[in-house]
Amino acid sequence: MLKAVKFLAGAFLMMVGLASAQQAQAVEWKEHVMGDENAPVTMIEYASLTCPHCASFHTEVLPEIKEKLIDTGKLKLIYRDYPLDGVALRAAAIAQCAGEDRYFGVLGMLFKSQMTWARSQDPIGSIKEVVRFAGMTGDAVDACIADQELIDGIVGSRMTGEQEFNVSSTPSFILDGDTIAGSREAEFFIEKVEDLID
């Protein structure tokens, strides 16, 4: 009897420890900022990780914007999730769980490999293969997509875009209070930002 009580007490303490560890790993949704917080111009991007035009923006246009505007301190980019479907919602949660220092790296990996995982029979399994290169385990991915508070925060980001800025498609950008729907060439954004600074 005493052994059974000790066993149950030990099992309970292990469960409490496990629950505490899981709570410590819980992630709150947050928007992520690329660039100097004090940059004179702010651009907000609403994007979905399953949107091909968003992937094109991130792989083809953003590198030039980063080089000419963000790295030079003229622009800060605020990234906000606007998932178009359940797969994009879970992918956004996984990126959030990567952590502040790896967030944009993981986001970039997901956009670059979008054609592979987004069209897969098992998109989450395919995403696990992609993000393991960023040090994320399958268990960590499973915990992210099961975190309802995080999921709710991502859905809230989409709702904010719809209600405050009339966002209805991706990618959409908010620049100087104007909502710009659809991707553009880098030169479009460079000219807009330079005009706002002058």
# chains A, B, ... in the order shown; residues from 1 in each chain; ligands from 1

$ residues_around --residues "range 123-135 of chain A" --least-positions-apart "4" --cutoff "12 Å" --atoms "only C-alpha atoms" --output "ChimeraX atom specification"
/A:49-50,86-99,101-119,139-142,144-145

$ residues_around --residues "Gly182 in chain A" --least-positions-apart "2" --cutoff "12 Å" --atoms "only C-alpha atoms" --output "list in words"
Glu45, Tyr46, Ala47, Cys51, Pro52, His53, Cys54, Ala55, Ser56, Phe57, Val167, Ser168, Ser169, Thr170, Pro171, Ser172, Phe173, Ile174, Thr179, Ile180, Arg184, Glu185 and Phe188 of chain A

$ write_last_selection --atoms "N, CA, C and O atoms" --output "compact mmCIF listing (two decimals), in the first residue's frame"
# COMPACT_ATOMS: atom_id res chain seq x y z
N GLU A 45 2.61 44.36 -43.11
CA GLU A 45 2.27 43.36 -44.12
C GLU A 45 1.32 42.35 -43.50
O GLU A 45 1.56 41.82 -42.41
N TYR A 46 0.22 42.07 -44.20
CA TYR A 46 -0.68 40.97 -43.85
C TYR A 46 -0.47 39.88 -44.90
O TYR A 46 -0.62 40.14 -46.10
N ALA A 47 -0.11 38.69 -44.43
CA ALA A 47 0.19 37.61 -45.38
C ALA A 47 -0.26 36.27 -44.84
O ALA A 47 -0.41 36.07 -43.63
N CYS A 51 -0.28 31.43 -49.35
CA CYS A 51 -0.56 32.32 -50.47
C CYS A 51 0.66 32.39 -51.40
O CYS A 51 1.73 32.84 -50.98
N PRO A 52 0.53 31.95 -52.67
CA PRO A 52 1.67 31.99 -53.60
C PRO A 52 2.21 33.40 -53.85
O PRO A 52 3.42 33.59 -53.99
N HIS A 53 1.33 34.40 -53.89
CA HIS A 53 1.79 35.78 -54.11
C HIS A 53 2.59 36.29 -52.91
O HIS A 53 3.53 37.07 -53.08
N CYS A 54 2.21 35.83 -51.71
CA CYS A 54 2.97 36.20 -50.51
C CYS A 54 4.36 35.57 -50.56
O CYS A 54 5.36 36.21 -50.22
N ALA A 55 4.42 34.31 -51.00
CA ALA A 55 5.71 33.63 -51.13
C ALA A 55 6.59 34.36 -52.14
O ALA A 55 7.79 34.55 -51.91
N SER A 56 6.01 34.78 -53.26
CA SER A 56 6.77 35.54 -54.27
C SER A 56 7.30 36.84 -53.69
O SER A 56 8.46 37.21 -53.93
N PHE A 57 6.47 37.53 -52.92
CA PHE A 57 6.91 38.77 -52.29
C PHE A 57 8.11 38.50 -51.39
O PHE A 57 9.12 39.22 -51.44
N VAL A 167 -8.57 44.86 -44.90
CA VAL A 167 -7.81 43.83 -45.60
C VAL A 167 -8.75 42.69 -45.95
O VAL A 167 -9.53 42.23 -45.11
N SER A 168 -8.70 42.25 -47.20
CA SER A 168 -9.56 41.14 -47.63
C SER A 168 -8.81 40.13 -48.50
O SER A 168 -9.40 39.17 -48.97
N SER A 169 -7.53 40.39 -48.74
CA SER A 169 -6.73 39.47 -49.55
C SER A 169 -5.27 39.57 -49.11
O SER A 169 -4.89 40.47 -48.37
N THR A 170 -4.48 38.62 -49.60
CA THR A 170 -3.06 38.63 -49.26
C THR A 170 -2.22 38.56 -50.53
O THR A 170 -2.67 37.98 -51.52
N PRO A 171 -1.04 39.18 -50.51
CA PRO A 171 -0.59 40.04 -49.42
C PRO A 171 -1.26 41.40 -49.50
O PRO A 171 -1.67 41.84 -50.56
N SER A 172 -1.38 42.03 -48.35
CA SER A 172 -1.84 43.41 -48.27
C SER A 172 -0.86 44.18 -47.40
O SER A 172 -0.30 43.63 -46.45
N PHE A 173 -0.67 45.43 -47.74
CA PHE A 173 0.29 46.27 -47.04
C PHE A 173 -0.39 47.55 -46.59
O PHE A 173 -1.20 48.11 -47.31
N ILE A 174 -0.02 48.00 -45.41
CA ILE A 174 -0.50 49.28 -44.89
C ILE A 174 0.70 50.20 -44.86
O ILE A 174 1.67 49.95 -44.14
N THR A 179 -4.15 51.23 -47.52
CA THR A 179 -4.10 49.79 -47.71
C THR A 179 -3.80 49.50 -49.17
O THR A 179 -4.50 49.97 -50.07
N ILE A 180 -2.74 48.74 -49.40
CA ILE A 180 -2.32 48.37 -50.75
C ILE A 180 -2.54 46.87 -50.88
O ILE A 180 -1.86 46.08 -50.22
N ARG A 184 3.62 44.03 -55.20
CA ARG A 184 4.16 44.99 -56.16
C ARG A 184 5.65 44.72 -56.30
O ARG A 184 6.25 44.00 -55.51
N GLU A 185 6.25 45.36 -57.28
CA GLU A 185 7.70 45.27 -57.43
C GLU A 185 8.36 46.07 -56.31
O GLU A 185 7.75 46.98 -55.74
N PHE A 188 8.25 49.95 -56.46
CA PHE A 188 7.02 50.61 -56.02
C PHE A 188 7.14 51.03 -54.56
O PHE A 188 6.85 52.18 -54.20

$ residues_around --residues "range 62-71 of chain A" --least-positions-apart "4" --cutoff "12 Å" --atoms "only C-alpha atoms" --output "ChimeraX atom specification"
/A:33-43,45,54-58,75-79,104,108,111,183-194,197

$ select_by_dssp --residues "chain A" --states "strand (DSSP E or B)" --output "number ranges by chain"
A: 32-34, 41-47, 75-81, 172-175, 178-181

$ closest_residue --among "A:Asp81, A:Asp195, A:Glu28, A:Glu60" --to "Ile154 in chain A" --atoms "only C-alpha atoms"
A:Asp81

$ closest_residue --among "A:Thr137, A:Gln148, A:Ser48, A:Gln163" --to "Pro83 in chain A" --atoms "only C-alpha atoms"
A:Ser48

$ select_by_dssp --residues "range 61-182 of chain A" --states "helix (DSSP H, G or I)" --output "PyMOL selection string"
chain A and resi 61-70+86-97+103-112+114-117+123-134+138-145+148-165

$ atom_distance --atom1 "CA of Thr59 in chain A" --atom2 "CA of Gly153 in chain A"
25.8 Å

$ closest_residue --among "A:Ile151, A:Gln121, A:Ala181, A:Leu196" --to "Phe165 in chain A" --atoms "only C-alpha atoms"
A:Ala181

$ atom_distance --atom1 "CA of Thr160 in chain A" --atom2 "CA of Asp85 in chain A"
16.7 Å

$ decode --residues "range 34-67 of chain A" --atoms "N, CA, C and O atoms" --output "PDB file, in the first residue's frame"
ATOM      1  N   MET A  34      10.681  43.731 -38.414  1.00  0.00           N
ATOM      2  CA  MET A  34      11.983  43.660 -39.084  1.00  0.00           C
ATOM      3  C   MET A  34      12.459  45.084 -39.281  1.00  0.00           C
ATOM      4  O   MET A  34      11.765  45.897 -39.904  1.00  0.00           O
ATOM      5  N   GLY A  35      13.618  45.382 -38.738  1.00  0.00           N
ATOM      6  CA  GLY A  35      14.173  46.718 -38.912  1.00  0.00           C
ATOM      7  C   GLY A  35      14.210  47.507 -37.609  1.00  0.00           C
ATOM      8  O   GLY A  35      13.815  47.032 -36.550  1.00  0.00           O
ATOM      9  N   ASP A  36      14.679  48.737 -37.730  1.00  0.00           N
ATOM     10  CA  ASP A  36      14.847  49.647 -36.594  1.00  0.00           C
ATOM     11  C   ASP A  36      13.489  50.118 -36.090  1.00  0.00           C
ATOM     12  O   ASP A  36      12.684  50.651 -36.865  1.00  0.00           O
ATOM     13  N   GLU A  37      13.253  49.931 -34.815  1.00  0.00           N
ATOM     14  CA  GLU A  37      11.988  50.375 -34.204  1.00  0.00           C
ATOM     15  C   GLU A  37      11.743  51.863 -34.433  1.00  0.00           C
ATOM     16  O   GLU A  37      10.606  52.312 -34.466  1.00  0.00           O
ATOM     17  N   ASN A  38      12.813  52.646 -34.573  1.00  0.00           N
ATOM     18  CA  ASN A  38      12.690  54.099 -34.730  1.00  0.00           C
ATOM     19  C   ASN A  38      12.746  54.558 -36.186  1.00  0.00           C
ATOM     20  O   ASN A  38      12.925  55.748 -36.452  1.00  0.00           O
ATOM     21  N   ALA A  39      12.602  53.630 -37.120  1.00  0.00           N
ATOM     22  CA  ALA A  39      12.621  54.002 -38.539  1.00  0.00           C
ATOM     23  C   ALA A  39      11.503  55.011 -38.819  1.00  0.00           C
ATOM     24  O   ALA A  39      10.427  54.931 -38.214  1.00  0.00           O
ATOM     25  N   PRO A  40      11.742  55.959 -39.719  1.00  0.00           N
ATOM     26  CA  PRO A  40      10.745  57.008 -39.956  1.00  0.00           C
ATOM     27  C   PRO A  40       9.461  56.520 -40.640  1.00  0.00           C
ATOM     28  O   PRO A  40       8.427  57.174 -40.542  1.00  0.00           O
ATOM     29  N   VAL A  41       9.525  55.394 -41.334  1.00  0.00           N
ATOM     30  CA  VAL A  41       8.344  54.880 -42.036  1.00  0.00           C
ATOM     31  C   VAL A  41       8.071  53.450 -41.570  1.00  0.00           C
ATOM     32  O   VAL A  41       9.001  52.661 -41.394  1.00  0.00           O
ATOM     33  N   THR A  42       6.792  53.162 -41.378  1.00  0.00           N
ATOM     34  CA  THR A  42       6.357  51.824 -40.979  1.00  0.00           C
ATOM     35  C   THR A  42       5.459  51.249 -42.058  1.00  0.00           C
ATOM     36  O   THR A  42       4.553  51.921 -42.545  1.00  0.00           O
ATOM     37  N   MET A  43       5.717  50.002 -42.402  1.00  0.00           N
ATOM     38  CA  MET A  43       4.841  49.282 -43.321  1.00  0.00           C
ATOM     39  C   MET A  43       4.384  48.000 -42.614  1.00  0.00           C
ATOM     40  O   MET A  43       5.197  47.284 -42.042  1.00  0.00           O
ATOM     41  N   ILE A  44       3.083  47.761 -42.639  1.00  0.00           N
ATOM     42  CA  ILE A  44       2.521  46.534 -42.080  1.00  0.00           C
ATOM     43  C   ILE A  44       2.191  45.605 -43.236  1.00  0.00           C
ATOM     44  O   ILE A  44       1.574  46.019 -44.221  1.00  0.00           O
ATOM     45  N   GLU A  45       2.607  44.361 -43.106  1.00  0.00           N
ATOM     46  CA  GLU A  45       2.274  43.360 -44.115  1.00  0.00           C
ATOM     47  C   GLU A  45       1.316  42.346 -43.497  1.00  0.00           C
ATOM     48  O   GLU A  45       1.562  41.822 -42.414  1.00  0.00           O
ATOM     49  N   TYR A  46       0.218  42.071 -44.203  1.00  0.00           N
ATOM     50  CA  TYR A  46      -0.679  40.970 -43.853  1.00  0.00           C
ATOM     51  C   TYR A  46      -0.471  39.884 -44.897  1.00  0.00           C
ATOM     52  O   TYR A  46      -0.621  40.142 -46.100  1.00  0.00           O
ATOM     53  N   ALA A  47      -0.106  38.686 -44.435  1.00  0.00           N
ATOM     54  CA  ALA A  47       0.195  37.612 -45.378  1.00  0.00           C
ATOM     55  C   ALA A  47      -0.256  36.266 -44.839  1.00  0.00           C
ATOM     56  O   ALA A  47      -0.411  36.075 -43.633  1.00  0.00           O
ATOM     57  N   SER A  48      -0.456  35.343 -45.774  1.00  0.00           N
ATOM     58  CA  SER A  48      -0.814  33.962 -45.452  1.00  0.00           C
ATOM     59  C   SER A  48       0.300  33.052 -45.959  1.00  0.00           C
ATOM     60  O   SER A  48       0.765  33.208 -47.094  1.00  0.00           O
ATOM     61  N   LEU A  49       0.696  32.102 -45.140  1.00  0.00           N
ATOM     62  CA  LEU A  49       1.797  31.221 -45.524  1.00  0.00           C
ATOM     63  C   LEU A  49       1.442  30.262 -46.661  1.00  0.00           C
ATOM     64  O   LEU A  49       2.332  29.652 -47.237  1.00  0.00           O
ATOM     65  N   THR A  50       0.166  30.146 -47.017  1.00  0.00           N
ATOM     66  CA  THR A  50      -0.206  29.305 -48.163  1.00  0.00           C
ATOM     67  C   THR A  50      -0.509  30.137 -49.414  1.00  0.00           C
ATOM     68  O   THR A  50      -0.925  29.580 -50.422  1.00  0.00           O
ATOM     69  N   CYS A  51      -0.280  31.426 -49.347  1.00  0.00           N
ATOM     70  CA  CYS A  51      -0.561  32.325 -50.472  1.00  0.00           C
ATOM     71  C   CYS A  51       0.660  32.389 -51.402  1.00  0.00           C
ATOM     72  O   CYS A  51       1.730  32.843 -50.976  1.00  0.00           O
ATOM     73  N   PRO A  52       0.533  31.954 -52.669  1.00  0.00           N
ATOM     74  CA  PRO A  52       1.674  31.991 -53.597  1.00  0.00           C
ATOM     75  C   PRO A  52       2.207  33.402 -53.847  1.00  0.00           C
ATOM     76  O   PRO A  52       3.420  33.591 -53.986  1.00  0.00           O
ATOM     77  N   HIS A  53       1.328  34.404 -53.890  1.00  0.00           N
ATOM     78  CA  HIS A  53       1.785  35.783 -54.114  1.00  0.00           C
ATOM     79  C   HIS A  53       2.590  36.292 -52.914  1.00  0.00           C
ATOM     80  O   HIS A  53       3.533  37.071 -53.079  1.00  0.00           O
ATOM     81  N   CYS A  54       2.210  35.834 -51.711  1.00  0.00           N
ATOM     82  CA  CYS A  54       2.969  36.197 -50.507  1.00  0.00           C
ATOM     83  C   CYS A  54       4.360  35.568 -50.561  1.00  0.00           C
ATOM     84  O   CYS A  54       5.355  36.209 -50.215  1.00  0.00           O
ATOM     85  N   ALA A  55       4.416  34.314 -51.002  1.00  0.00           N
ATOM     86  CA  ALA A  55       5.708  33.632 -51.128  1.00  0.00           C
ATOM     87  C   ALA A  55       6.589  34.361 -52.141  1.00  0.00           C
ATOM     88  O   ALA A  55       7.792  34.552 -51.907  1.00  0.00           O
ATOM     89  N   SER A  56       6.007  34.784 -53.260  1.00  0.00           N
ATOM     90  CA  SER A  56       6.772  35.535 -54.267  1.00  0.00           C
ATOM     91  C   SER A  56       7.304  36.836 -53.686  1.00  0.00           C
ATOM     92  O   SER A  56       8.460  37.212 -53.929  1.00  0.00           O
ATOM     93  N   PHE A  57       6.467  37.532 -52.916  1.00  0.00           N
ATOM     94  CA  PHE A  57       6.912  38.773 -52.290  1.00  0.00           C
ATOM     95  C   PHE A  57       8.114  38.503 -51.389  1.00  0.00           C
ATOM     96  O   PHE A  57       9.120  39.218 -51.445  1.00  0.00           O
ATOM     97  N   HIS A  58       8.003  37.471 -50.564  1.00  0.00           N
ATOM     98  CA  HIS A  58       9.068  37.202 -49.594  1.00  0.00           C
ATOM     99  C   HIS A  58      10.360  36.704 -50.238  1.00  0.00           C
ATOM    100  O   HIS A  58      11.448  36.980 -49.716  1.00  0.00           O
ATOM    101  N   THR A  59      10.248  35.991 -51.331  1.00  0.00           N
ATOM    102  CA  THR A  59      11.455  35.433 -51.943  1.00  0.00           C
ATOM    103  C   THR A  59      12.052  36.340 -53.022  1.00  0.00           C
ATOM    104  O   THR A  59      13.259  36.319 -53.232  1.00  0.00           O
ATOM    105  N   GLU A  60      11.213  37.161 -53.671  1.00  0.00           N
ATOM    106  CA  GLU A  60      11.702  37.952 -54.802  1.00  0.00           C
ATOM    107  C   GLU A  60      11.750  39.458 -54.551  1.00  0.00           C
ATOM    108  O   GLU A  60      12.613  40.152 -55.105  1.00  0.00           O
ATOM    109  N   VAL A  61      10.842  39.980 -53.760  1.00  0.00           N
ATOM    110  CA  VAL A  61      10.732  41.433 -53.578  1.00  0.00           C
ATOM    111  C   VAL A  61      11.338  41.889 -52.244  1.00  0.00           C
ATOM    112  O   VAL A  61      12.092  42.871 -52.192  1.00  0.00           O
ATOM    113  N   LEU A  62      11.021  41.180 -51.181  1.00  0.00           N
ATOM    114  CA  LEU A  62      11.479  41.593 -49.850  1.00  0.00           C
ATOM    115  C   LEU A  62      13.000  41.707 -49.735  1.00  0.00           C
ATOM    116  O   LEU A  62      13.478  42.645 -49.080  1.00  0.00           O
ATOM    117  N   PRO A  63      13.794  40.817 -50.348  1.00  0.00           N
ATOM    118  CA  PRO A  63      15.251  40.981 -50.203  1.00  0.00           C
ATOM    119  C   PRO A  63      15.748  42.365 -50.647  1.00  0.00           C
ATOM    120  O   PRO A  63      16.603  42.963 -49.986  1.00  0.00           O
ATOM    121  N   GLU A  64      15.190  42.899 -51.731  1.00  0.00           N
ATOM    122  CA  GLU A  64      15.611  44.233 -52.202  1.00  0.00           C
ATOM    123  C   GLU A  64      15.092  45.332 -51.272  1.00  0.00           C
ATOM    124  O   GLU A  64      15.803  46.305 -50.994  1.00  0.00           O
ATOM    125  N   ILE A  65      13.867  45.178 -50.786  1.00  0.00           N
ATOM    126  CA  ILE A  65      13.321  46.147 -49.821  1.00  0.00           C
ATOM    127  C   ILE A  65      14.168  46.139 -48.555  1.00  0.00           C
ATOM    128  O   ILE A  65      14.472  47.195 -47.991  1.00  0.00           O
ATOM    129  N   LYS A  66      14.551  44.956 -48.131  1.00  0.00           N
ATOM    130  CA  LYS A  66      15.377  44.834 -46.919  1.00  0.00           C
ATOM    131  C   LYS A  66      16.716  45.542 -47.125  1.00  0.00           C
ATOM    132  O   LYS A  66      17.157  46.326 -46.269  1.00  0.00           O
ATOM    133  N   GLU A  67      17.340  45.292 -48.269  1.00  0.00           N
ATOM    134  CA  GLU A  67      18.645  45.885 -48.550  1.00  0.00           C
ATOM    135  C   GLU A  67      18.574  47.411 -48.652  1.00  0.00           C
ATOM    136  O   GLU A  67      19.403  48.126 -48.076  1.00  0.00           O
TER     137      GLU A  67
END
